[in-house]
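Raw final_23.pdb, PDB, C-alpha atoms:
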ATOM      1  CA  MET A   1     125.275  66.062  65.075
ATOM      2  CA  LEU A   2     123.522  64.866  68.204
ATOM      3  CA  GLY A   3     120.819  62.266  67.595
ATOM      4  CA  GLU A   4     117.250  62.374  68.897
ATOM      5  CA  ALA A   5     117.863  59.537  71.392
ATOM      6  CA  PHE A   6     120.206  61.609  73.564
ATOM      7  CA  VAL A   7     118.984  63.375  76.693
ATOM      8  CA  ARG A   8     119.488  67.125  76.752
ATOM      9  CA  PRO A   9     119.905  68.735  80.173
ATOM     10  CA  GLU A  10     116.927  70.385  81.891
ATOM     11  CA  ASP A  11     119.081  71.858  84.643
ATOM     12  CA  ASP A  12     122.182  74.071  84.386
ATOM     13  CA  THR A  13     124.473  71.752  86.343
ATOM     14  CA  ALA A  14     124.529  68.200  87.685
ATOM     15  CA  ALA A  15     124.209  69.634  91.209
ATOM     16  CA  ASP A  16     121.088  71.583  90.161
ATOM     17  CA  ALA A  17     119.617  68.388  88.680
ATOM     18  CA  ILE A  18     120.257  66.454  91.905
ATOM     19  CA  GLU A  19     118.643  69.228  93.966
ATOM     20  CA  ALA A  20     115.610  69.352  91.633
ATOM     21  CA  ILE A  21     115.171  65.563  91.785
ATOM     22  CA  GLY A  22     115.339  65.715  95.590
ATOM     23  CA  ASP A  23     112.704  68.468  95.661
ATOM     24  CA  GLU A  24     110.444  66.526  93.287
ATOM     25  CA  LEU A  25     110.742  63.278  95.278
ATOM     26  CA  ALA A  26     110.003  65.182  98.502
ATOM     27  CA  LEU A  27     106.565  66.104  97.126
ATOM     28  CA  PHE A  28     105.448  62.497  97.628
ATOM     29  CA  ASP A  29     104.601  61.050 101.026
ATOM     30  CA  ASP A  30     105.410  57.419 100.355
ATOM     31  CA  TRP A  31     107.645  55.284  98.173
ATOM     32  CA  MET A  32     104.786  53.882  96.078
ATOM     33  CA  ASP A  33     104.018  57.418  94.845
ATOM     34  CA  ARG A  34     107.727  58.070  94.288
ATOM     35  CA  TYR A  35     108.015  54.847  92.268
ATOM     36  CA  GLN A  36     105.082  55.960  90.092
ATOM     37  CA  TYR A  37     106.808  59.308  89.539
ATOM     38  CA  ILE A  38     110.092  57.582  88.627
ATOM     39  CA  ILE A  39     108.274  55.247  86.202
ATOM     40  CA  GLU A  40     106.673  58.306  84.551
ATOM     41  CA  LEU A  41     110.127  59.866  84.099
ATOM     42  CA  GLY A  42     111.225  56.712  82.294
ATOM     43  CA  ARG A  43     108.260  56.908  79.939
ATOM     44  CA  LYS A  44     109.367  60.420  78.925
ATOM     45  CA  LEU A  45     112.863  59.344  77.834
ATOM     46  CA  PRO A  46     113.573  59.798  74.129
ATOM     47  CA  PRO A  47     113.080  56.593  72.128
ATOM     48  CA  PHE A  48     116.171  54.375  72.213
ATOM     49  CA  PRO A  49     117.122  52.957  68.788
ATOM     50  CA  LYS A  50     116.431  49.213  68.502
ATOM     51  CA  GLU A  51     119.850  48.608  66.931
ATOM     52  CA  TRP A  52     121.461  49.745  70.194
ATOM     53  CA  THR A  53     119.711  47.055  72.271
ATOM     54  CA  ASP A  54     122.681  44.733  71.813
ATOM     55  CA  ASP A  55     125.510  43.368  73.948
ATOM     56  CA  ALA A  56     127.841  46.213  72.932
ATOM     57  CA  HIS A  57     125.495  48.726  74.627
ATOM     58  CA  ARG A  58     124.407  46.520  77.545
ATOM     59  CA  VAL A  59     125.372  47.619  81.048
ATOM     60  CA  PRO A  60     126.766  44.647  82.986
ATOM     61  CA  GLY A  61     125.693  44.151  86.596
ATOM     62  CA  CYS A  62     122.026  45.031  86.158
ATOM     63  CA  GLN A  63     119.243  42.570  87.001
ATOM     64  CA  SER A  64     117.135  44.007  84.178
ATOM     65  CA  GLN A  65     118.453  44.657  80.708
ATOM     66  CA  VAL A  66     119.917  48.161  80.512
ATOM     67  CA  TRP A  67     121.524  49.744  77.470
ATOM     68  CA  LEU A  68     123.544  52.934  77.297
ATOM     69  CA  GLU A  69     125.089  54.978  74.488
ATOM     70  CA  ALA A  70     127.401  57.978  74.907
ATOM     71  CA  GLN A  71     128.300  60.651  72.395
ATOM     72  CA  MET A  72     130.617  63.643  72.597
ATOM     73  CA  ASP A  73     129.464  66.887  71.049
ATOM     74  CA  ASP A  74     131.620  69.985  71.321
ATOM     75  CA  GLY A  75     133.279  68.978  74.611
ATOM     76  CA  THR A  76     130.023  67.812  76.192
ATOM     77  CA  MET A  77     128.925  64.214  76.755
ATOM     78  CA  TYR A  78     125.391  63.150  76.016
ATOM     79  CA  PHE A  79     123.819  59.837  76.953
ATOM     80  CA  ALA A  80     120.929  57.775  75.687
ATOM     81  CA  GLY A  81     119.590  54.884  77.717
ATOM     82  CA  ALA A  82     116.841  52.318  78.009
ATOM     83  CA  SER A  83     115.743  49.308  80.031
ATOM     84  CA  ASP A  84     113.269  46.469  79.659
ATOM     85  CA  ALA A  85     111.823  47.202  83.141
ATOM     86  CA  ALA A  86     109.634  50.255  83.867
ATOM     87  CA  ILE A  87     111.140  51.203  87.243
ATOM     88  CA  VAL A  88     114.675  50.768  85.903
ATOM     89  CA  MET A  89     113.817  52.919  82.878
ATOM     90  CA  GLY A  90     112.850  55.639  85.360
ATOM     91  CA  LEU A  91     116.139  55.239  87.216
ATOM     92  CA  VAL A  92     117.953  55.528  83.869
ATOM     93  CA  ALA A  93     116.025  58.787  83.303
ATOM     94  CA  LEU A  94     117.151  60.119  86.700
ATOM     95  CA  LEU A  95     120.802  59.279  86.010
ATOM     96  CA  LEU A  96     120.686  60.816  82.545
ATOM     97  CA  ARG A  97     119.066  63.957  83.915
ATOM     98  CA  VAL A  98     122.073  64.346  86.199
ATOM     99  CA  TYR A  99     124.860  63.261  83.842
ATOM    100  CA  SER A 100     123.797  63.869  80.221
ATOM    101  CA  GLY A 101     124.798  67.193  78.686
ATOM    102  CA  ARG A 102     127.778  67.676  81.004
ATOM    103  CA  THR A 103     131.508  67.825  80.423
ATOM    104  CA  PRO A 104     133.505  64.700  81.279
ATOM    105  CA  GLU A 105     135.054  66.673  84.167
ATOM    106  CA  GLU A 106     131.667  67.560  85.673
ATOM    107  CA  ILE A 107     130.512  63.948  85.334
ATOM    108  CA  LEU A 108     133.615  62.714  87.150
ATOM    109  CA  GLU A 109     133.225  65.369  89.869
ATOM    110  CA  THR A 110     129.590  64.328  90.480
ATOM    111  CA  GLU A 111     129.744  61.285  92.720
ATOM    112  CA  PRO A 112     126.769  58.930  92.412
ATOM    113  CA  SER A 113     126.345  59.151  96.209
ATOM    114  CA  PHE A 114     123.246  61.284  95.505
ATOM    115  CA  LEU A 115     121.455  57.986  94.784
ATOM    116  CA  SER A 116     121.905  57.001  98.436
ATOM    117  CA  ASP A 117     121.471  60.561  99.732
ATOM    118  CA  LEU A 118     118.014  60.705  98.105
ATOM    119  CA  GLY A 119     117.124  57.293  99.545
ATOM    120  CA  LEU A 120     116.824  55.710  96.096
ATOM    121  CA  VAL A 121     119.277  52.849  96.567
ATOM    122  CA  GLN A 122     117.878  51.915  99.990
ATOM    123  CA  ALA A 123     114.298  51.858  98.650
ATOM    124  CA  LEU A 124     115.179  49.354  95.923
ATOM    125  CA  SER A 125     115.829  45.660  96.098
ATOM    126  CA  THR A 126     119.525  44.821  96.508
ATOM    127  CA  ASN A 127     119.796  43.696  92.875
ATOM    128  CA  ARG A 128     118.145  46.867  91.547
ATOM    129  CA  GLY A 129     120.319  49.017  93.821
ATOM    130  CA  ASN A 130     123.410  47.277  92.473
ATOM    131  CA  GLY A 131     122.107  47.826  88.948
ATOM    132  CA  VAL A 132     121.663  51.583  89.457
ATOM    133  CA  GLU A 133     125.196  51.776  90.798
ATOM    134  CA  ALA A 134     126.420  49.778  87.758
ATOM    135  CA  MET A 135     124.728  52.316  85.459
ATOM    136  CA  ALA A 136     126.389  55.214  87.288
ATOM    137  CA  ARG A 137     129.758  53.420  87.007
ATOM    138  CA  ALA A 138     129.244  52.897  83.259
ATOM    139  CA  ILE A 139     128.465  56.600  82.763
ATOM    140  CA  ARG A 140     131.476  57.692  84.815
ATOM    141  CA  SER A 141     133.702  55.165  83.045
ATOM    142  CA  ALA A 142     132.699  56.608  79.644
ATOM    143  CA  ALA A 143     133.500  60.100  80.978
ATOM    144  CA  ALA A 144     136.891  58.936  82.286
ATOM    145  CA  GLN A 145     137.750  57.410  78.889
ATOM    146  CA  GLU A 146     136.738  60.633  77.149
ATOM    147  CA  ASN A 147     138.760  62.659  79.651
ATOM    148  CA  ASP A 148     141.831  60.475  79.036
ATOM    149  CA  ARG A 149     141.375  60.792  75.281
ATOM    150  CA  SER A 150     141.144  64.601  75.384
ATOM    151  CA  SER A 151     144.215  64.906  77.653
ATOM    152  CA  GLU A 152     146.225  62.912  75.083
ATOM    153  CA  ASP A 153     145.411  65.427  72.319
TER     154      ASP A 153
END

Spell out the structure here as structure tokens.
Amino acid sequence: MLGEAFVRPEDDTAADAIEAIGDELALFDDWMDRYQYIIELGRKLPPFPKEWTDDAHRVPGCQSQVWLEAQMDDGTMYFAGASDAAIVMGLVALLLRVYSGRTPEEILETEPSFLSDLGLVQALSTNRGNGVEAMARAIRSAAAQENDRSSED
């Protein structure tokens, strides 16, 4: 049974989610407004269980603390995530909107290049940009492990 902390998809596919995020970001004229929007997305994430804010769930390579949990449910991967920084929490929300509720194959087929294509990585400090890319790697790594596991069955 899927817990409350996991993000359920709003969009039919990862590609649809990326397109929707692009459309939403385009509504704002400047990056300060976009940052506010991204922070708001983070505030809407489901609550992340306190017991998961440990080293086992921590994403390495992030300037802020970021935690991630993955769960398989009927061939679909779901993710829960959190951060101790508001803007990073919003970036977690964007990544989970794209990747949570997808099959491991779809996750692996969806390159995180959309982060650069939407101008997100370039608008962040170098450390935060590296952190977002580390989160995407962690998500794709979990999908690759799940994919390997299912191909062994």

All residues 12 Å or closer to A:Ala80, only C-alpha atoms, same chain fewer than 2 positions away omitted, as a ChimeraX atom specification: /A:2-9,42,45-49,52-53,57-58,66-72,77-78,82-83,89,92-97,99-101,135,139

Pairwise distance for atom CA of A:Val88 and atom CA of A:Ser64, rounded to one decimal in Å: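 Computing the Euclidean distance for atom CA of A:Val88 and atom CA of A:Ser64 yields 7.4 Å.
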
Target residues per the PyMOL selection byres ((chain A and resi 104) around 6), formatted as a VMD selection string: chain A and resid 103 105 to 107 143 147

Among listed residues A:Asp74, A:Glu40, A:Glu24, A:Asp30, nearest A:Ala86 (using only C-alpha atoms):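 Using only C-alpha atoms, A:Ala86 sits closest to A:Glu40.
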
Would you kindly return, as a compact mmCIF listing (two decimals) with C-alpha atoms, in the coordinates of the input, each protein, DNA or RNA residue with an atom no farther than 7 Å from any atom of A:Gly61, considering only C-alpha atoms and excluding same-chain residues fewer than 2 positions away?
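Once everything was written out, this is around_39.txt:
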# COMPACT_ATOMS: atom_id res chain seq x y z
CA VAL A 59 125.37 47.62 81.05
CA GLN A 63 119.24 42.57 87.00
CA GLY A 131 122.11 47.83 88.95
CA ALA A 134 126.42 49.78 87.76

For atom CA of A:Thr13 and atom CA of A:Phe79, the interatomic separation in Å (one decimal): 15.2 Å

Selected residue of minimal separation from A:Tyr35 among A:Asp54, A:Pro112, A:Ile21, A:Leu124, counting all atoms listed in the file: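 With all atoms listed in the file as the atom set, the closest residue is A:Leu124.
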
Selected residue, from A:Ala144, A:Cys62, A:Leu91, A:Leu115, that lies nearest to A:Asn130 when counting all atoms listed in the file: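 Nearest candidate to A:Asn130 out of A:Ala144, A:Cys62, A:Leu91, A:Leu115: A:Cys62.
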